[in-house]
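Visitor: Take a look at work.pdb, PDB, C-alpha atoms and all ligand atoms:
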```pdb
ATOM      1  CA  MET F   1     -84.312 -55.457-113.371
ATOM      2  CA  PHE F   2     -81.449 -52.965-113.327
ATOM      3  CA  ILE F   3     -78.578 -53.044-110.855
ATOM      4  CA  SER F   4     -76.474 -50.158-109.604
ATOM      5  CA  ILE F   5     -73.360 -50.876-107.546
ATOM      6  CA  ASP F   6     -71.514 -48.144-105.669
ATOM      7  CA  MET F   7     -68.222 -49.523-104.418
ATOM      8  CA  GLY F   8     -66.616 -46.881-102.227
ATOM      9  CA  GLY F   9     -63.335 -47.160-100.381
ATOM     10  CA  THR F  10     -65.193 -48.091 -97.169
ATOM     11  CA  THR F  11     -68.728 -49.190 -98.043
ATOM     12  CA  THR F  12     -70.284 -50.975-101.018
ATOM     13  CA  ARG F  13     -73.970 -50.484-101.866
ATOM     14  CA  VAL F  14     -75.853 -52.690-104.317
ATOM     15  CA  ALA F  15     -79.319 -51.550-105.398
ATOM     16  CA  SER F  16     -81.964 -52.682-107.848
ATOM     17  CA  SER F  17     -84.608 -50.786-109.770
ATOM     18  CA  LYS F  18     -87.361 -51.985-112.051
ATOM     19  CA  ASN F  19     -87.730 -48.724-113.983
ATOM     20  CA  LEU F  20     -84.446 -46.817-113.397
ATOM     21  CA  GLY F  21     -86.420 -44.385-111.249
ATOM     22  CA  LYS F  22     -87.317 -45.773-107.870
ATOM     23  CA  LEU F  23     -85.041 -48.016-105.820
ATOM     24  CA  TYR F  24     -86.513 -51.473-105.417
ATOM     25  CA  LYS F  25     -84.058 -53.028-102.948
ATOM     26  CA  ILE F  26     -80.672 -52.040-101.568
ATOM     27  CA  VAL F  27     -78.047 -53.802 -99.469
ATOM     28  CA  LYS F  28     -74.758 -52.473 -98.160
ATOM     29  CA  PHE F  29     -71.646 -54.066 -96.713
ATOM     30  CA  PRO F  30     -68.091 -53.000 -95.804
ATOM     31  CA  THR F  31     -65.896 -53.036 -98.928
ATOM     32  CA  ASN F  32     -63.693 -56.118 -98.624
ATOM     33  CA  ARG F  33     -59.998 -55.553 -99.315
ATOM     34  CA  ASP F  34     -59.654 -58.976-100.944
ATOM     35  CA  VAL F  35     -60.802 -58.759-104.581
ATOM     36  CA  ARG F  36     -62.142 -62.316-104.802
ATOM     37  CA  THR F  37     -64.129 -61.953-101.588
ATOM     38  CA  GLN F  38     -65.440 -58.572-102.739
ATOM     39  CA  LYS F  39     -66.566 -60.142-106.032
ATOM     40  CA  LEU F  40     -68.418 -62.894-104.145
ATOM     41  CA  PHE F  41     -70.069 -60.327-101.842
ATOM     42  CA  ILE F  42     -71.205 -58.301-104.862
ATOM     43  CA  GLU F  43     -72.633 -61.376-106.610
ATOM     44  CA  ASP F  44     -74.476 -62.411-103.467
ATOM     45  CA  ALA F  45     -75.905 -58.896-103.092
ATOM     46  CA  ILE F  46     -77.033 -58.865-106.741
ATOM     47  CA  LEU F  47     -78.972 -62.101-106.168
ATOM     48  CA  LYS F  48     -80.625 -60.591-103.090
ATOM     49  CA  VAL F  49     -81.713 -57.262-104.574
ATOM     50  CA  SER F  50     -82.873 -58.806-107.875
ATOM     51  CA  ASP F  51     -84.913 -61.566-106.197
ATOM     52  CA  ARG F  52     -82.714 -63.896-108.287
ATOM     53  CA  GLY F  53     -84.482 -62.586-111.391
ATOM     54  CA  HIS F  54     -83.146 -61.527-114.783
ATOM     55  CA  VAL F  55     -80.806 -58.529-114.728
ATOM     56  CA  GLU F  56     -80.877 -56.381-117.860
ATOM     57  CA  TYR F  57     -78.038 -53.993-117.175
ATOM     58  CA  PHE F  58     -75.490 -53.014-114.505
ATOM     59  CA  CYS F  59     -73.766 -49.795-113.628
ATOM     60  CA  LEU F  60     -70.738 -50.285-111.388
ATOM     61  CA  GLY F  61     -69.036 -47.378-109.634
ATOM     62  CA  VAL F  62     -65.494 -47.875-108.392
ATOM     63  CA  PRO F  63     -63.124 -45.609-106.438
ATOM     64  CA  GLY F  64     -60.737 -44.698-109.250
ATOM     65  CA  THR F  65     -60.285 -44.235-112.991
ATOM     66  CA  VAL F  66     -61.316 -46.763-115.631
ATOM     67  CA  ASP F  67     -60.651 -47.507-119.301
ATOM     68  CA  LYS F  68     -64.099 -48.347-120.674
ATOM     69  CA  ASP F  69     -62.840 -49.254-124.163
ATOM     70  CA  ASN F  70     -60.432 -51.897-122.919
ATOM     71  CA  LYS F  71     -62.606 -52.872-119.940
ATOM     72  CA  LYS F  72     -59.847 -52.250-117.410
ATOM     73  CA  PHE F  73     -59.534 -50.529-114.067
ATOM     74  CA  LEU F  74     -56.750 -47.951-114.366
ATOM     75  CA  ARG F  75     -55.793 -46.277-111.103
ATOM     76  CA  MET F  76     -57.727 -47.008-107.974
ATOM     77  CA  PRO F  77     -55.996 -44.901-105.308
ATOM     78  CA  ASN F  78     -57.904 -46.480-102.431
ATOM     79  CA  TYR F  79     -58.212 -49.989-103.859
ATOM     80  CA  SER F  80     -54.925 -50.493-105.669
ATOM     81  CA  GLN F  81     -55.423 -54.284-105.814
ATOM     82  CA  LEU F  82     -57.437 -53.655-108.979
ATOM     83  CA  ASN F  83     -54.978 -51.339-110.764
ATOM     84  CA  GLY F  84     -54.651 -52.448-114.377
ATOM     85  CA  LYS F  85     -56.975 -55.430-113.892
ATOM     86  CA  ASP F  86     -59.896 -56.385-116.149
ATOM     87  CA  PHE F  87     -63.458 -55.528-115.150
ATOM     88  CA  SER F  88     -64.113 -59.285-115.006
ATOM     89  CA  GLU F  89     -62.002 -59.459-111.823
ATOM     90  CA  LEU F  90     -64.917 -57.822-110.052
ATOM     91  CA  VAL F  91     -67.993 -58.538-112.173
ATOM     92  CA  ASP F  92     -68.531 -61.991-113.635
ATOM     93  CA  SER F  93     -67.932 -62.106-117.396
ATOM     94  CA  LYS F  94     -71.266 -63.921-117.835
ATOM     95  CA  PHE F  95     -72.836 -60.460-117.680
ATOM     96  CA  GLY F  96     -70.968 -59.680-120.899
ATOM     97  CA  ASP F  97     -71.418 -56.237-122.417
ATOM     98  CA  ASN F  98     -74.288 -55.305-120.136
ATOM     99  CA  VAL F  99     -72.028 -53.599-117.633
ATOM    100  CA  TYR F 100     -71.067 -49.949-117.560
ATOM    101  CA  VAL F 101     -68.205 -49.061-115.215
ATOM    102  CA  GLU F 102     -67.778 -45.545-113.895
ATOM    103  CA  ASN F 103     -66.002 -43.684-111.129
ATOM    104  CA  ASP F 104     -68.015 -43.822-107.880
ATOM    105  CA  ALA F 105     -67.849 -40.090-107.156
ATOM    106  CA  THR F 106     -69.017 -39.409-110.717
ATOM    107  CA  MET F 107     -72.138 -41.487-110.100
ATOM    108  CA  ALA F 108     -72.894 -39.468-106.952
ATOM    109  CA  ALA F 109     -72.166 -36.239-108.834
ATOM    110  CA  VAL F 110     -74.674 -37.104-111.560
ATOM    111  CA  ALA F 111     -77.388 -37.880-108.987
ATOM    112  CA  GLU F 112     -76.766 -34.689-106.999
ATOM    113  CA  ALA F 113     -76.733 -32.590-110.182
ATOM    114  CA  MET F 114     -79.908 -34.054-111.682
ATOM    115  CA  MET F 115     -82.085 -34.820-108.648
ATOM    116  CA  GLY F 116     -80.278 -33.519-105.573
ATOM    117  CA  ALA F 117     -78.750 -30.273-104.364
ATOM    118  CA  GLY F 118     -77.966 -29.127-107.926
ATOM    119  CA  GLU F 119     -81.372 -29.990-109.368
ATOM    120  CA  ASP F 120     -82.548 -26.385-109.879
ATOM    121  CA  ASP F 121     -82.383 -25.197-113.517
ATOM    122  CA  GLU F 122     -80.226 -22.195-112.620
ATOM    123  CA  PHE F 123     -77.346 -24.604-111.887
ATOM    124  CA  LYS F 124     -76.238 -25.605-115.385
ATOM    125  CA  SER F 125     -72.717 -26.600-114.435
ATOM    126  CA  VAL F 126     -72.321 -28.537-111.203
ATOM    127  CA  ALA F 127     -69.126 -29.486-109.368
ATOM    128  CA  TYR F 128     -69.306 -32.290-106.839
ATOM    129  CA  LEU F 129     -66.616 -33.133-104.317
ATOM    130  CA  SER F 130     -66.851 -36.179-102.039
ATOM    131  CA  LEU F 131     -64.985 -35.943 -98.755
ATOM    132  CA  GLY F 132     -64.902 -39.575 -97.653
ATOM    133  CA  THR F 133     -62.149 -42.150 -97.166
ATOM    134  CA  GLY F 134     -60.494 -40.341-100.055
ATOM    135  CA  VAL F 135     -61.504 -37.224-101.950
ATOM    136  CA  GLY F 136     -63.232 -37.687-105.302
ATOM    137  CA  GLY F 137     -65.391 -35.606-107.550
ATOM    138  CA  ALA F 138     -66.710 -34.754-110.971
ATOM    139  CA  ARG F 139     -68.191 -31.960-113.032
ATOM    140  CA  VAL F 140     -71.655 -32.360-114.552
ATOM    141  CA  GLU F 141     -73.090 -30.198-117.346
ATOM    142  CA  LYS F 142     -76.849 -30.486-117.592
ATOM    143  CA  GLU F 143     -77.638 -29.042-121.046
ATOM    144  CA  PRO F 144     -76.642 -30.907-123.059
ATOM    145  CA  PHE F 145     -75.941 -33.576-120.498
ATOM    146  CA  SER F 146     -72.299 -34.533-120.104
ATOM    147  CA  TYR F 147     -69.898 -35.151-117.288
ATOM    148  CA  LEU F 148     -66.206 -35.138-116.645
ATOM    149  CA  SER F 149     -64.818 -37.851-114.360
ATOM    150  CA  ALA F 150     -61.766 -36.388-112.739
ATOM    151  CA  GLU F 151     -59.581 -36.838-109.695
ATOM    152  CA  PRO F 152     -59.841 -33.449-107.955
ATOM    153  CA  GLY F 153     -58.657 -35.114-104.731
ATOM    154  CA  HIS F 154     -55.214 -35.521-106.284
ATOM    155  CA  GLN F 155     -54.702 -31.882-107.232
ATOM    156  CA  ILE F 156     -51.667 -30.643-105.321
ATOM    157  CA  ILE F 157     -52.486 -27.922-102.805
ATOM    158  CA  SER F 158     -49.124 -27.826-101.012
ATOM    159  CA  ALA F 159     -45.774 -28.195-102.773
ATOM    160  CA  GLU F 160     -43.710 -30.801-100.879
ATOM    161  CA  GLY F 161     -46.671 -31.326 -98.569
ATOM    162  CA  ARG F 162     -47.938 -34.482 -96.869
ATOM    163  CA  ILE F 163     -47.624 -37.787 -98.706
ATOM    164  CA  CYS F 164     -50.987 -38.811-100.160
ATOM    165  CA  LYS F 165     -51.919 -42.336 -99.031
ATOM    166  CA  GLY F 166     -54.146 -42.680-102.079
ATOM    167  CA  CYS F 167     -51.694 -41.958-104.883
ATOM    168  CA  GLY F 168     -48.254 -41.389-103.386
ATOM    169  CA  GLN F 169     -47.830 -37.796-104.561
ATOM    170  CA  GLN F 170     -46.953 -35.071-102.085
ATOM    171  CA  GLY F 171     -49.416 -32.388-101.072
ATOM    172  CA  CYS F 172     -52.664 -33.704-102.613
ATOM    173  CA  LEU F 173     -55.972 -32.199-101.463
ATOM    174  CA  GLU F 174     -56.856 -35.715-100.302
ATOM    175  CA  ALA F 175     -53.860 -35.709 -97.920
ATOM    176  CA  TYR F 176     -55.555 -32.809 -96.075
ATOM    177  CA  ALA F 177     -59.282 -32.974 -96.718
ATOM    178  CA  SER F 178     -60.300 -36.669 -96.632
ATOM    179  CA  GLY F 179     -61.838 -38.271 -93.562
ATOM    180  CA  ARG F 180     -58.729 -40.408 -93.172
ATOM    181  CA  SER F 181     -56.389 -37.408 -93.335
ATOM    182  CA  PHE F 182     -58.583 -35.518 -90.862
ATOM    183  CA  LYS F 183     -58.013 -38.289 -88.317
ATOM    184  CA  GLU F 184     -54.263 -38.298 -88.953
ATOM    185  CA  LEU F 185     -53.906 -34.512 -88.786
ATOM    186  CA  PHE F 186     -56.175 -33.759 -85.855
ATOM    187  CA  LYS F 187     -56.232 -37.099 -83.954
ATOM    188  CA  ILE F 188     -60.016 -37.190 -83.931
ATOM    189  CA  ASN F 189     -62.688 -38.486 -86.329
ATOM    190  CA  ALA F 190     -64.304 -35.673 -88.292
ATOM    191  CA  GLU F 191     -67.714 -37.025 -87.228
ATOM    192  CA  ASP F 192     -66.822 -36.509 -83.543
ATOM    193  CA  CYS F 193     -65.089 -33.134 -83.853
ATOM    194  CA  THR F 194     -66.780 -29.959 -82.622
ATOM    195  CA  ASP F 195     -63.582 -27.912 -82.093
ATOM    196  CA  LYS F 196     -63.859 -24.751 -84.197
ATOM    197  CA  THR F 197     -60.077 -24.227 -84.225
ATOM    198  CA  ILE F 198     -59.652 -27.595 -85.922
ATOM    199  CA  TRP F 199     -62.460 -26.922 -88.360
ATOM    200  CA  ARG F 200     -60.953 -23.513 -89.199
ATOM    201  CA  GLN F 201     -57.651 -25.232 -90.086
ATOM    202  CA  TYR F 202     -59.466 -27.917 -92.079
ATOM    203  CA  SER F 203     -61.446 -25.246 -93.940
ATOM    204  CA  SER F 204     -58.254 -23.424 -94.908
ATOM    205  CA  TYR F 205     -57.026 -26.610 -96.665
ATOM    206  CA  LEU F 206     -60.345 -27.352 -98.323
ATOM    207  CA  ALA F 207     -60.635 -23.727 -99.489
ATOM    208  CA  ILE F 208     -57.478 -24.045-101.604
ATOM    209  CA  GLY F 209     -58.926 -27.080-103.354
ATOM    210  CA  LEU F 210     -62.198 -25.270-103.950
ATOM    211  CA  ILE F 211     -60.477 -22.166-105.335
ATOM    212  CA  ASN F 212     -58.681 -24.408-107.831
ATOM    213  CA  ILE F 213     -61.935 -26.110-108.788
ATOM    214  CA  ILE F 214     -63.657 -22.741-109.224
ATOM    215  CA  SER F 215     -60.781 -21.333-111.293
ATOM    216  CA  MET F 216     -60.740 -24.291-113.684
ATOM    217  CA  TRP F 217     -64.305 -25.609-113.795
ATOM    218  CA  ARG F 218     -66.279 -22.360-113.193
ATOM    219  CA  PRO F 219     -69.265 -24.245-111.726
ATOM    220  CA  ASP F 220     -72.620 -22.600-110.887
ATOM    221  CA  ILE F 221     -72.692 -24.568-107.615
ATOM    222  CA  ILE F 222     -70.332 -26.782-105.614
ATOM    223  CA  ILE F 223     -71.847 -29.714-103.754
ATOM    224  CA  LEU F 224     -69.939 -31.396-100.922
ATOM    225  CA  GLY F 225     -70.711 -35.039-100.158
ATOM    226  CA  GLY F 226     -69.108 -37.865 -98.216
ATOM    227  CA  SER F 227     -68.837 -38.455 -94.488
ATOM    228  CA  VAL F 228     -66.933 -35.240 -93.650
ATOM    229  CA  ALA F 229     -69.650 -33.169 -95.336
ATOM    230  CA  ASN F 230     -72.038 -34.393 -92.645
ATOM    231  CA  LYS F 231     -70.357 -31.751 -90.445
ATOM    232  CA  PHE F 232     -70.961 -28.987 -92.988
ATOM    233  CA  GLY F 233     -73.125 -27.123 -90.463
ATOM    234  CA  ILE F 234     -70.024 -26.601 -88.298
ATOM    235  CA  PHE F 235     -67.522 -25.574 -90.972
ATOM    236  CA  GLN F 236     -69.670 -23.836 -93.600
ATOM    237  CA  SER F 237     -69.137 -20.302 -92.250
ATOM    238  CA  LEU F 238     -65.414 -20.941 -91.605
ATOM    239  CA  LEU F 239     -64.998 -22.172 -95.169
ATOM    240  CA  VAL F 240     -66.827 -19.217 -96.681
ATOM    241  CA  GLU F 241     -64.748 -16.829 -94.509
ATOM    242  CA  ARG F 242     -61.591 -18.375 -95.899
ATOM    243  CA  LEU F 243     -62.834 -18.346 -99.499
ATOM    244  CA  ILE F 244     -63.702 -14.659 -99.243
ATOM    245  CA  VAL F 245     -60.118 -13.919 -98.145
ATOM    246  CA  LEU F 246     -58.768 -15.879-101.134
ATOM    247  CA  ASP F 247     -61.456 -14.524-103.451
ATOM    248  CA  PHE F 248     -60.447 -13.637-106.949
ATOM    249  CA  PHE F 249     -63.309 -15.348-108.741
ATOM    250  CA  ASP F 250     -66.963 -15.090-107.823
ATOM    251  CA  ILE F 251     -67.647 -17.801-105.288
ATOM    252  CA  PRO F 252     -70.649 -19.921-106.325
ATOM    253  CA  PRO F 253     -73.026 -21.371-103.716
ATOM    254  CA  ILE F 254     -71.357 -24.168-101.747
ATOM    255  CA  VAL F 255     -73.844 -26.625-100.296
ATOM    256  CA  LYS F 256     -74.073 -30.031 -98.670
ATOM    257  CA  SER F 257     -75.255 -33.005-100.738
ATOM    258  CA  LYS F 258     -78.977 -33.622-100.509
ATOM    259  CA  ILE F 259     -79.396 -37.285-101.391
ATOM    260  CA  GLY F 260     -76.623 -38.441 -99.065
ATOM    261  CA  ASP F 261     -75.259 -41.968 -98.896
ATOM    262  CA  GLU F 262     -77.437 -43.392-101.661
ATOM    263  CA  ALA F 263     -76.470 -40.762-104.260
ATOM    264  CA  GLY F 264     -74.041 -43.172-105.910
ATOM    265  CA  VAL F 265     -76.580 -45.873-106.669
ATOM    266  CA  TYR F 266     -79.146 -43.340-107.887
ATOM    267  CA  GLY F 267     -76.447 -41.886-110.156
ATOM    268  CA  GLY F 268     -75.819 -45.386-111.526
ATOM    269  CA  PHE F 269     -79.447 -45.646-112.619
ATOM    270  CA  LEU F 270     -79.387 -42.167-114.202
ATOM    271  CA  ILE F 271     -76.221 -43.074-116.130
ATOM    272  CA  THR F 272     -77.732 -46.412-117.212
ATOM    273  CA  GLU F 273     -80.724 -44.528-118.605
ATOM    274  CA  ARG F 274     -78.409 -42.312-120.695
ATOM    275  CA  VAL F 275     -76.292 -45.260-121.860
ATOM    276  CA  LEU F 276     -79.322 -47.253-122.998
ATOM    277  CA  ASN F 277     -81.136 -44.240-124.521
ATOM    278  CA  PRO F 278     -78.348 -42.012-125.857
TER     279      PRO F 278
HETATM  280 ZN    ZN J 301     -53.122 -38.092-104.146
END
```
Starting from the file, give its structure as structure tokens.
Guide:
Amino acid sequence: MFISIDMGGTTTRVASSKNLGKLYKIVKFPTNRDVRTQKLFIEDAILKVSDRGHVEYFCLGVPGTVDKDNKKFLRMPNYSQLNGKDFSELVDSKFGDNVYVENDATMAAVAEAMMGAGEDDEFKSVAYLSLGTGVGGARVEKEPFSYLSAEPGHQIISAEGRICKGCGQQGCLEAYASGRSFKELFKINAEDCTDKTIWRQYSSYLAIGLINIISMWRPDIIILGGSVANKFGIFQSLLVERLIVLDFFDIPPIVKSKIGDEAGVYGGFLITERVLNP
């Protein structure tokens, strides 16, 4: 049995697969802010989805950057309790070397690129941006397969702008485009907002981030995931309008994620496959 864990800033999903293709079982729970409790919740979930059977390999996605060589969490903007801590703080050391730790948005990016909205062969280079509690993302190249875990949410889009709750810098994309920032800026949850004036303002912030991503990554497609992307139908045209005004580069297709909330765990299985069969 293989296990894929997607620990986001708000929700944690733990899934199992017998063949790294289909999901066998999945459970989800709110991410607990106490590390020891979170570790217990994860262990309990692993027992449930594996039917208490033997687990061959794990892929764990966390909301931040990691040092795989030294088995340490580096910077976790939305879960700073783990900054600088060993992987064993979250996953029991009895699992030894059979754990691969990756950024959570990277896992979702890999799934969307390989089997989701970016699946088509014409999209060789895929950029994925998750607009959730924070803003994460990654770039995936399909041939040959490689990916770049990055922190596009912490690119600065406004000099001396709003303080970013995730990292403490001023003017990060995340301080304008995350679900949490949406609520702070517009006093309404993105999920409940139908006001086009608000969405036009939101799109003008997001557009700056996307222009930067396009100018540096030159992707063939940009996929938007996370809870705010569920409203893509409302802001798609406003965003494109804004991008056309800012246009200097060719704007690639910008689409909503296809797999949705389970992209992260699927990405974990795809990464496991590549790690075990390099
Ligand atoms: Zn930031």
Visitor: If the PyMOL selection byres (((not hetatm)) within 12 of (chain J and resi 301)) were run on this exact file, what residues would it hold? Put them as a ChimeraX atom specification.
Guide: /F:64,75-78,134-136,151-158,161-178,181
Visitor: Kindly indicate which residue among F:Glu119, F:Phe73, F:Ser17, F:Val228 lies nearest to Gly53 (chain F), using all atoms listed in the file for the distances.
Guide: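 Closest candidate: F:Ser17.
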Visitor: Could you tell me how far CA of Lys25 (chain F) lies from CA of Val49 (chain F), in Å and to one decimal?
Guide: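 Interatomic distance, CA of Lys25 (chain F) to CA of Val49 (chain F): 5.1 Å.
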Visitor: Ranking F:Tyr79, F:Phe95, F:Tyr266, F:Tyr128 by minimum distance to Leu224 (chain F) and counting all atoms listed in the file, which one comes first?
Guide: F:Tyr128
Visitor: Nearest residue to Thr106 (chain F) out of F:Arg180, F:Lys85, F:Lys71, F:Arg139, using all atoms listed in the file?
Guide: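 Looking only at the distances to Thr106 (chain F), the closest residue turns out to be F:Arg139.
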Visitor: Do you have the CA of Arg242 (chain F)-CA of Ile223 (chain F) distance handy?
Guide: 17.2 Å
Visitor: One decimal, in Å: what's the spacing between CA of Ser4 (chain F) and CA of Asp104 (chain F)?
Guide: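 Taking CA of Ser4 (chain F) and CA of Asp104 (chain F), their separation equals 10.7 Å.
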Visitor: Between F:Asp195, F:Glu262, F:Asp250, F:Asp121, which has the minimum distance to Gly226 (chain F) (counting only C-alpha atoms)?
Guide: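 Closest residue, counting only C-alpha atoms: F:Glu262.
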Visitor: List the spatial neighbours of Gly267 (chain F) as a PyMOL selection string - criterion: any atom at most 9 Å away, all atoms listed in the file, same-chain residues fewer than 6 positions off excluded.
Guide: chain F and resi 4+104+106-112+114
Visitor: Give me the residues within 7 Å of Lys124 (chain F) as a PyMOL selection string, counting all atoms listed in the file and dropping any in the same chain fewer than 6 places off.
Guide: chain F and resi 141-143+220
Visitor: How about saving the chosen residues, C-alpha atoms kept, as a PDB file, in the coordinates of the input?
Guide:
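Just written: selection04.pdb:
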```pdb
ATOM      1  CA  GLU F 141     -73.090 -30.198-117.346  1.00  0.00           C
ATOM      2  CA  LYS F 142     -76.849 -30.486-117.592  1.00  0.00           C
ATOM      3  CA  GLU F 143     -77.638 -29.042-121.046  1.00  0.00           C
ATOM      4  CA  ASP F 220     -72.620 -22.600-110.887  1.00  0.00           C
TER       5      ASP F 220
END
```
Visitor: Restricting the calculation to all atoms listed in the file, which member of F:Gly61, F:Pro30, F:Gly132, F:Gly9 is positioned closest to Gly268 (chain F)?
Guide: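 Among the listed residues, F:Gly61 lies closest to Gly268 (chain F).
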Visitor: Find the residues around Ile214 (chain F) up to 9 Å (all atoms listed in the file counted), leave out those fewer than 6 positions away in its own chain, and share them as a PyMOL selection string.
Guide: chain F and resi 127+222+249-252
Visitor: Now that the selection is made, can you save its residues with C-alpha atoms as a PDB file, in the coordinates of the input?
Guide:
```
ATOM      1  CA  ALA F 127     -69.126 -29.486-109.368  1.00  0.00           C
ATOM      2  CA  ILE F 222     -70.332 -26.782-105.614  1.00  0.00           C
ATOM      3  CA  PHE F 249     -63.309 -15.348-108.741  1.00  0.00           C
ATOM      4  CA  ASP F 250     -66.963 -15.090-107.823  1.00  0.00           C
ATOM      5  CA  ILE F 251     -67.647 -17.801-105.288  1.00  0.00           C
ATOM      6  CA  PRO F 252     -70.649 -19.921-106.325  1.00  0.00           C
TER       7      PRO F 252
END
```
Visitor: Using the chain letters and numbering of this document, enumerate as a PyMOL selection string the residues selected by the PyMOL selection byres (((chain F and resi 59) around 12) and not hetatm).
Guide: chain F and resi 1-7+13-17+20+46+55-58+60-62+87+91+95+97-104+106-107+264-276
Visitor: Please give the centre and size of the box around region 145-155 of chain F (axis-aligned, containing every atom listed in the file, 3 Å added per side), with values in Å to one decimal and written as AutoDock Vina command-line options.
Guide:
```
--center_x -65.3 --center_y -34.9 --center_z -112.6 --size_x 27.2 --size_y 12.0 --size_z 21.8
```
Visitor: Rank nothing, just name the residue among F:Leu40, F:Ile254, F:Val66, F:Ile244 nearest to Leu129 (chain F), using only C-alpha atoms.
Guide: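 Among the listed residues, F:Ile254 lies closest to Leu129 (chain F).
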Visitor: Identify, on the basis of all atoms listed in the file, every residue whose closest approach to Ser203 (chain F) does not exceed 10 Å; exclude the query and any residue fewer than 5 positions from it along the same chain; express the result as a PyMOL selection string.
Guide: chain F and resi 176-177+197-198+208-209+235-243
